[in-house]
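input_37.pdb, holding PDB, C-alpha atoms, pLDDT in the B column:
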```pdb
ATOM      1  CA  MET A   1       0.000   0.000   0.000  1.00 66.00           C
ATOM      2  CA  PRO A   2       2.717   2.612   0.787  1.00 81.00           C
ATOM      3  CA  LEU A   3       4.306   1.880  -2.593  1.00 85.00           C
ATOM      4  CA  GLN A   4       1.023   2.603  -4.369  1.00 88.00           C
ATOM      5  CA  ILE A   5       0.575   5.907  -2.531  1.00 89.00           C
ATOM      6  CA  VAL A   6       4.116   6.962  -3.444  1.00 92.00           C
ATOM      7  CA  LEU A   7       3.544   5.930  -7.069  1.00 91.00           C
ATOM      8  CA  ASN A   8       0.309   7.912  -7.123  1.00 92.00           C
ATOM      9  CA  ILE A   9       2.030  11.035  -5.764  1.00 94.00           C
ATOM     10  CA  ILE A  10       4.831  10.643  -8.327  1.00 95.00           C
ATOM     11  CA  ILE A  11       2.242  10.358 -11.106  1.00 94.00           C
ATOM     12  CA  ALA A  12       0.506  13.502  -9.819  1.00 95.00           C
ATOM     13  CA  ILE A  13       3.795  15.445  -9.725  1.00 95.00           C
ATOM     14  CA  MET A  14       4.706  14.215 -13.206  1.00 95.00           C
ATOM     15  CA  TRP A  15       1.286  15.398 -14.406  1.00 94.00           C
ATOM     16  CA  MET A  16       1.989  18.832 -12.952  1.00 94.00           C
ATOM     17  CA  PHE A  17       5.307  18.989 -14.823  1.00 94.00           C
ATOM     18  CA  LEU A  18       3.780  17.762 -18.077  1.00 93.00           C
ATOM     19  CA  SER A  19       0.902  20.235 -17.921  1.00 92.00           C
ATOM     20  CA  GLU A  20       3.273  23.031 -16.757  1.00 91.00           C
ATOM     21  CA  THR A  21       0.812  24.254 -14.138  1.00 90.00           C
ATOM     22  CA  TYR A  22       2.000  24.080 -10.565  1.00 91.00           C
ATOM     23  CA  ASN A  23      -1.136  24.476  -8.481  1.00 94.00           C
ATOM     24  CA  PHE A  24      -3.344  22.274  -6.353  1.00 94.00           C
ATOM     25  CA  THR A  25      -5.928  21.658  -9.083  1.00 94.00           C
ATOM     26  CA  SER A  26      -3.298  20.300 -11.415  1.00 95.00           C
ATOM     27  CA  PHE A  27      -1.969  18.080  -8.625  1.00 96.00           C
ATOM     28  CA  LEU A  28      -5.502  16.844  -7.862  1.00 95.00           C
ATOM     29  CA  VAL A  29      -6.161  16.029 -11.528  1.00 95.00           C
ATOM     30  CA  GLY A  30      -2.854  14.141 -11.653  1.00 95.00           C
ATOM     31  CA  TYR A  31      -3.695  12.310  -8.457  1.00 95.00           C
ATOM     32  CA  ILE A  32      -7.072  11.213  -9.832  1.00 95.00           C
ATOM     33  CA  LEU A  33      -5.391  10.115 -13.067  1.00 95.00           C
ATOM     34  CA  GLY A  34      -2.886   8.197 -10.931  1.00 93.00           C
ATOM     35  CA  ILE A  35      -5.717   6.434  -9.124  1.00 93.00           C
ATOM     36  CA  ILE A  36      -7.246   5.417 -12.442  1.00 93.00           C
ATOM     37  CA  LEU A  37      -3.861   4.317 -13.786  1.00 92.00           C
ATOM     38  CA  LEU A  38      -3.082   2.250 -10.686  1.00 90.00           C
ATOM     39  CA  PHE A  39      -6.529   0.679 -10.828  1.00 91.00           C
ATOM     40  CA  VAL A  40      -6.056  -0.341 -14.454  1.00 91.00           C
ATOM     41  CA  LEU A  41      -2.541  -1.682 -13.801  1.00 89.00           C
ATOM     42  CA  GLN A  42      -3.254  -3.199 -10.372  1.00 84.00           C
ATOM     43  CA  ARG A  43      -2.162  -6.694 -11.354  1.00 85.00           C
ATOM     44  CA  PHE A  44       1.372  -5.386 -11.957  1.00 85.00           C
ATOM     45  CA  VAL A  45       1.595  -3.598  -8.600  1.00 78.00           C
ATOM     46  CA  PRO A  46       2.128  -5.651  -5.426  1.00 76.00           C
ATOM     47  CA  ASP A  47      -0.602  -5.734  -2.764  1.00 79.00           C
ATOM     48  CA  SER A  48      -4.254  -4.983  -3.328  1.00 82.00           C
ATOM     49  CA  PHE A  49      -5.478  -1.666  -4.700  1.00 85.00           C
ATOM     50  CA  TYR A  50      -5.033   0.865  -1.892  1.00 85.00           C
ATOM     51  CA  MET A  51      -8.260   2.789  -2.549  1.00 88.00           C
ATOM     52  CA  LYS A  52     -10.198  -0.314  -1.449  1.00 89.00           C
ATOM     53  CA  ARG A  53      -8.645  -0.015   1.996  1.00 88.00           C
ATOM     54  CA  THR A  54      -9.219   3.740   1.993  1.00 90.00           C
ATOM     55  CA  TRP A  55     -12.893   3.156   1.206  1.00 92.00           C
ATOM     56  CA  LYS A  56     -13.148   0.574   4.017  1.00 93.00           C
ATOM     57  CA  PHE A  57     -11.577   3.100   6.418  1.00 93.00           C
ATOM     58  CA  PHE A  58     -14.141   5.698   5.354  1.00 95.00           C
ATOM     59  CA  LEU A  59     -16.920   3.161   6.018  1.00 95.00           C
ATOM     60  CA  LEU A  60     -15.432   2.486   9.477  1.00 95.00           C
ATOM     61  CA  ILE A  61     -15.586   6.205  10.253  1.00 96.00           C
ATOM     62  CA  LEU A  62     -19.209   6.360   9.070  1.00 96.00           C
ATOM     63  CA  LEU A  63     -20.050   3.326  11.214  1.00 94.00           C
ATOM     64  CA  PHE A  64     -18.504   4.992  14.252  1.00 94.00           C
ATOM     65  CA  VAL A  65     -20.440   8.219  13.642  1.00 95.00           C
ATOM     66  CA  ARG A  66     -23.679   6.241  13.272  1.00 94.00           C
ATOM     67  CA  GLU A  67     -23.038   4.276  16.477  1.00 92.00           C
ATOM     68  CA  LEU A  68     -22.083   7.499  18.253  1.00 92.00           C
ATOM     69  CA  ILE A  69     -25.360   9.185  17.283  1.00 94.00           C
ATOM     70  CA  LEU A  70     -27.491   6.138  18.120  1.00 92.00           C
ATOM     71  CA  SER A  71     -25.828   5.617  21.497  1.00 91.00           C
ATOM     72  CA  ASN A  72     -26.197   9.318  22.350  1.00 91.00           C
ATOM     73  CA  ILE A  73     -29.914   9.071  21.610  1.00 92.00           C
ATOM     74  CA  ASP A  74     -30.100   5.961  23.800  1.00 88.00           C
ATOM     75  CA  ILE A  75     -28.287   7.746  26.654  1.00 89.00           C
ATOM     76  CA  VAL A  76     -30.654  10.721  26.416  1.00 90.00           C
ATOM     77  CA  LYS A  77     -33.628   8.333  26.621  1.00 88.00           C
ATOM     78  CA  HIS A  78     -32.193   6.791  29.797  1.00 85.00           C
ATOM     79  CA  VAL A  79     -31.429  10.160  31.358  1.00 85.00           C
ATOM     80  CA  TYR A  80     -34.910  11.559  30.807  1.00 89.00           C
ATOM     81  CA  LYS A  81     -36.802   8.488  32.003  1.00 86.00           C
ATOM     82  CA  PRO A  82     -38.471   9.108  35.356  1.00 85.00           C
ATOM     83  CA  LYS A  83     -37.591   5.602  36.525  1.00 85.00           C
ATOM     84  CA  MET A  84     -34.037   4.319  36.147  1.00 81.00           C
ATOM     85  CA  ASP A  85     -34.373   0.738  34.932  1.00 82.00           C
ATOM     86  CA  MET A  86     -30.848   0.256  33.644  1.00 85.00           C
ATOM     87  CA  LYS A  87     -28.922  -2.957  34.032  1.00 86.00           C
ATOM     88  CA  PRO A  88     -25.240  -1.982  34.133  1.00 90.00           C
ATOM     89  CA  GLY A  89     -22.568  -4.620  34.091  1.00 91.00           C
ATOM     90  CA  ILE A  90     -19.190  -5.817  32.941  1.00 93.00           C
ATOM     91  CA  PHE A  91     -18.858  -8.509  30.312  1.00 94.00           C
ATOM     92  CA  ALA A  92     -16.000 -10.204  28.482  1.00 94.00           C
ATOM     93  CA  LEU A  93     -15.844  -9.690  24.735  1.00 94.00           C
ATOM     94  CA  PRO A  94     -13.898 -12.468  22.976  1.00 95.00           C
ATOM     95  CA  ILE A  95     -11.947 -10.805  20.178  1.00 95.00           C
ATOM     96  CA  ASP A  96     -10.678 -12.035  16.832  1.00 94.00           C
ATOM     97  CA  VAL A  97      -8.392  -9.074  16.153  1.00 94.00           C
ATOM     98  CA  LYS A  98      -4.755  -9.968  16.766  1.00 92.00           C
ATOM     99  CA  THR A  99      -2.362  -7.041  16.439  1.00 93.00           C
ATOM    100  CA  ASN A 100      -1.853  -4.398  19.104  1.00 93.00           C
ATOM    101  CA  PHE A 101      -3.077  -1.710  16.702  1.00 94.00           C
ATOM    102  CA  GLU A 102      -6.332  -3.580  16.011  1.00 94.00           C
ATOM    103  CA  ILE A 103      -6.955  -4.257  19.706  1.00 95.00           C
ATOM    104  CA  THR A 104      -6.236  -0.638  20.633  1.00 95.00           C
ATOM    105  CA  LEU A 105      -8.482   0.676  17.875  1.00 95.00           C
ATOM    106  CA  LEU A 106     -11.331  -1.615  18.952  1.00 95.00           C
ATOM    107  CA  ALA A 107     -10.935  -0.691  22.621  1.00 95.00           C
ATOM    108  CA  ASN A 108     -10.877   3.025  21.793  1.00 95.00           C
ATOM    109  CA  LEU A 109     -13.938   2.835  19.538  1.00 94.00           C
ATOM    110  CA  ILE A 110     -15.804   1.026  22.313  1.00 93.00           C
ATOM    111  CA  SER A 111     -14.730   3.603  24.912  1.00 93.00           C
ATOM    112  CA  LEU A 112     -15.591   6.560  22.685  1.00 91.00           C
ATOM    113  CA  THR A 113     -19.134   5.278  22.195  1.00 89.00           C
ATOM    114  CA  PRO A 114     -21.318   6.631  25.040  1.00 89.00           C
ATOM    115  CA  GLY A 115     -22.635   3.999  27.426  1.00 88.00           C
ATOM    116  CA  THR A 116     -19.682   1.635  27.055  1.00 91.00           C
ATOM    117  CA  LEU A 117     -16.154   1.654  28.400  1.00 94.00           C
ATOM    118  CA  SER A 118     -13.248  -0.698  27.757  1.00 94.00           C
ATOM    119  CA  VAL A 119     -11.955  -1.657  31.169  1.00 95.00           C
ATOM    120  CA  VAL A 120      -9.012  -3.945  30.435  1.00 95.00           C
ATOM    121  CA  VAL A 121      -7.577  -6.284  27.806  1.00 95.00           C
ATOM    122  CA  SER A 122      -6.814  -9.782  29.067  1.00 93.00           C
ATOM    123  CA  GLU A 123      -3.203 -10.895  29.447  1.00 93.00           C
ATOM    124  CA  ASP A 124      -3.443 -13.310  26.506  1.00 94.00           C
ATOM    125  CA  HIS A 125      -5.089 -10.645  24.255  1.00 93.00           C
ATOM    126  CA  THR A 126      -8.161 -12.773  23.580  1.00 94.00           C
ATOM    127  CA  LYS A 127     -10.758 -10.743  25.515  1.00 95.00           C
ATOM    128  CA  ILE A 128     -11.653  -7.161  26.263  1.00 95.00           C
ATOM    129  CA  TYR A 129     -13.618  -6.529  29.425  1.00 96.00           C
ATOM    130  CA  ILE A 130     -16.271  -3.893  28.825  1.00 95.00           C
ATOM    131  CA  HIS A 131     -18.482  -1.955  31.207  1.00 95.00           C
ATOM    132  CA  ALA A 132     -21.881  -1.180  29.706  1.00 92.00           C
ATOM    133  CA  MET A 133     -24.363   1.263  31.169  1.00 90.00           C
ATOM    134  CA  ASP A 134     -27.331  -0.823  30.071  1.00 86.00           C
ATOM    135  CA  MET A 135     -27.000  -4.408  28.918  1.00 85.00           C
ATOM    136  CA  PRO A 136     -30.207  -6.405  29.044  1.00 83.00           C
ATOM    137  CA  ASP A 137     -28.605  -9.282  27.115  1.00 87.00           C
ATOM    138  CA  VAL A 138     -24.860  -9.984  27.206  1.00 89.00           C
ATOM    139  CA  GLN A 139     -24.821 -12.092  24.039  1.00 92.00           C
ATOM    140  CA  GLU A 140     -26.631  -9.367  22.104  1.00 90.00           C
ATOM    141  CA  SER A 141     -24.027  -6.809  23.237  1.00 89.00           C
ATOM    142  CA  VAL A 142     -21.180  -9.129  22.240  1.00 92.00           C
ATOM    143  CA  ASP A 143     -22.720  -9.866  18.837  1.00 93.00           C
ATOM    144  CA  ASP A 144     -23.384  -6.176  18.227  1.00 91.00           C
ATOM    145  CA  ILE A 145     -19.741  -5.202  18.813  1.00 92.00           C
ATOM    146  CA  LYS A 146     -18.353  -8.183  16.885  1.00 93.00           C
ATOM    147  CA  ASN A 147     -20.620  -7.583  13.875  1.00 93.00           C
ATOM    148  CA  THR A 148     -19.966  -3.854  13.687  1.00 92.00           C
ATOM    149  CA  PHE A 149     -16.674  -2.523  15.008  1.00 94.00           C
ATOM    150  CA  GLU A 150     -14.560  -5.679  14.995  1.00 94.00           C
ATOM    151  CA  LYS A 151     -15.716  -6.757  11.540  1.00 94.00           C
ATOM    152  CA  ARG A 152     -14.948  -3.322  10.030  1.00 94.00           C
ATOM    153  CA  ILE A 153     -11.563  -3.092  11.750  1.00 95.00           C
ATOM    154  CA  MET A 154     -10.553  -6.443  10.285  1.00 94.00           C
ATOM    155  CA  GLU A 155     -11.708  -5.298   6.836  1.00 92.00           C
ATOM    156  CA  VAL A 156      -9.525  -2.196   7.107  1.00 91.00           C
ATOM    157  CA  THR A 157      -6.385  -3.818   8.485  1.00 89.00           C
ATOM    158  CA  ARG A 158      -6.328  -7.106   6.567  1.00 82.00           C
TER     159      ARG A 158
END
```
How would this structure read if it were set down as structure tokens?
Amino acid sequence: MPLQIVLNIIIAIMWMFLSETYNFTSFLVGYILGIILLFVLQRFVPDSFYMKRTWKFFLLILLFVRELILSNIDIVKHVYKPKMDMKPGIFALPIDVKTNFEITLLANLISLTPGTLSVVVSEDHTKIYIHAMDMPDVQESVDDIKNTFEKRIMEVTR
């Protein structure tokens, strides 16, 4: 992936020289042409096409924003209820992510979402212990995190 980004920047700079205009628009046009060129010639460049991973990262950001908005709405509902019927608790989330970066990213995304907090990662890096403000069903909470954040993180990093 870093090689493709460098190649794309070189193509954009070469486009600027060939068009003899040295401004941002010319660079942007060259960069877009570089993306198209790398896409067409992707079988000659090692690794998968880097814009796929960039798109997956963008989708991860959108997922986080969606979860952030939905959890904020859920927190507001709990705060304005006259009767507090929350069921807080700590549960263990078995994780499939392996690298330190993936585990840290998952733990941070969980902590940044209101209503949940990553407490600790187990010594063998197979579980994250999470405190949830309201968790009526532990398995549902585990499945929700595994099918959203963990799945997207693995798509981005692998």
With a distance cut-off of 12 Å and all atoms listed in the file, select the neighbouring residues of Phe58 in chain A, excluding the residue or stretch itself and same-chain residues fewer than 6 positions from it, and output the selection as number ranges by chain. A: 51-52, 64-65, 152-153, 155-156
With only C-alpha atoms as the basis for distance, which of A:Leu68, A:Val76, A:Leu7, A:Leu63 is at the shortest distance from Leu38 in chain A?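 Ranking A:Leu68, A:Val76, A:Leu7, A:Leu63 by distance to Leu38 in chain A, first place goes to A:Leu7.
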Can you spell out as a PDB file with C-alpha atoms, in the frame of the given file the set of residues that the PyMOL selection byres ((chain A and resi 11-16) around 8) selects in the structure I just provided?
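New file expr30.pdb:
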```pdb
ATOM      1  CA  LEU A   7       3.544   5.930  -7.069  1.00 91.00           C
ATOM      2  CA  ASN A   8       0.309   7.912  -7.123  1.00 92.00           C
ATOM      3  CA  ILE A   9       2.030  11.035  -5.764  1.00 94.00           C
ATOM      4  CA  ILE A  10       4.831  10.643  -8.327  1.00 95.00           C
ATOM      5  CA  PHE A  17       5.307  18.989 -14.823  1.00 94.00           C
ATOM      6  CA  LEU A  18       3.780  17.762 -18.077  1.00 93.00           C
ATOM      7  CA  SER A  19       0.902  20.235 -17.921  1.00 92.00           C
ATOM      8  CA  GLU A  20       3.273  23.031 -16.757  1.00 91.00           C
ATOM      9  CA  THR A  21       0.812  24.254 -14.138  1.00 90.00           C
ATOM     10  CA  TYR A  22       2.000  24.080 -10.565  1.00 91.00           C
ATOM     11  CA  ASN A  23      -1.136  24.476  -8.481  1.00 94.00           C
ATOM     12  CA  SER A  26      -3.298  20.300 -11.415  1.00 95.00           C
ATOM     13  CA  PHE A  27      -1.969  18.080  -8.625  1.00 96.00           C
ATOM     14  CA  LEU A  28      -5.502  16.844  -7.862  1.00 95.00           C
ATOM     15  CA  VAL A  29      -6.161  16.029 -11.528  1.00 95.00           C
ATOM     16  CA  GLY A  30      -2.854  14.141 -11.653  1.00 95.00           C
ATOM     17  CA  TYR A  31      -3.695  12.310  -8.457  1.00 95.00           C
ATOM     18  CA  ILE A  32      -7.072  11.213  -9.832  1.00 95.00           C
ATOM     19  CA  LEU A  33      -5.391  10.115 -13.067  1.00 95.00           C
ATOM     20  CA  GLY A  34      -2.886   8.197 -10.931  1.00 93.00           C
TER      21      GLY A  34
END
```
Name the residues that the PyMOL selection byres ((chain A and resi 118-121) around 9) pulls out of this structure, and write them as a list in words.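 The output of the PyMOL selection byres ((chain A and resi 118-121) around 9) on this file is Ile90, Ile103, Ala107, Asn108, Leu109, Ile110, Ser111, Thr116, Leu117, Ser122, Glu123, Asp124, His125, Thr126, Lys127, Ile128, Tyr129, Ile130, His131 and Ala132 of chain A.
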Can you find the residues with an atom no farther than 10 Å from (-27.5, 0.8, 30.6), counting all atoms listed in the file, and report them as a ChimeraX atom specification? /A:74-75,78,84-89,115-116,131-136
For Val97 in chain A, which residue out of A:Met154, A:Ile69, A:Leu59, A:Leu37 is the nearest one, using only C-alpha atoms?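 Of the candidates, the smallest distance to Val97 in chain A is held by A:Met154.
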Atom pair CA of Asn72 in chain A + CA of Leu112 in chain A, distance 11.0 Å
Counting all atoms listed in the file, find residues at most 12 Å from (-4.2, -4.2, -5.3) (file frame) and give them as a list of chain:residue names.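 Output of the proximity query reads A:Met1, A:Pro2, A:Leu3, A:Gln4, A:Ile5, A:Ile35, A:Leu38, A:Phe39, A:Val40, A:Leu41, A:Gln42, A:Arg43, A:Phe44, A:Val45, A:Pro46, A:Asp47, A:Ser48, A:Phe49, A:Tyr50, A:Met51, A:Lys52, A:Arg53, A:Thr54.
Note that the spacing between CA of Ser71 in chain A and CA of Ile95 in chain A amounts to 21.5 Å.
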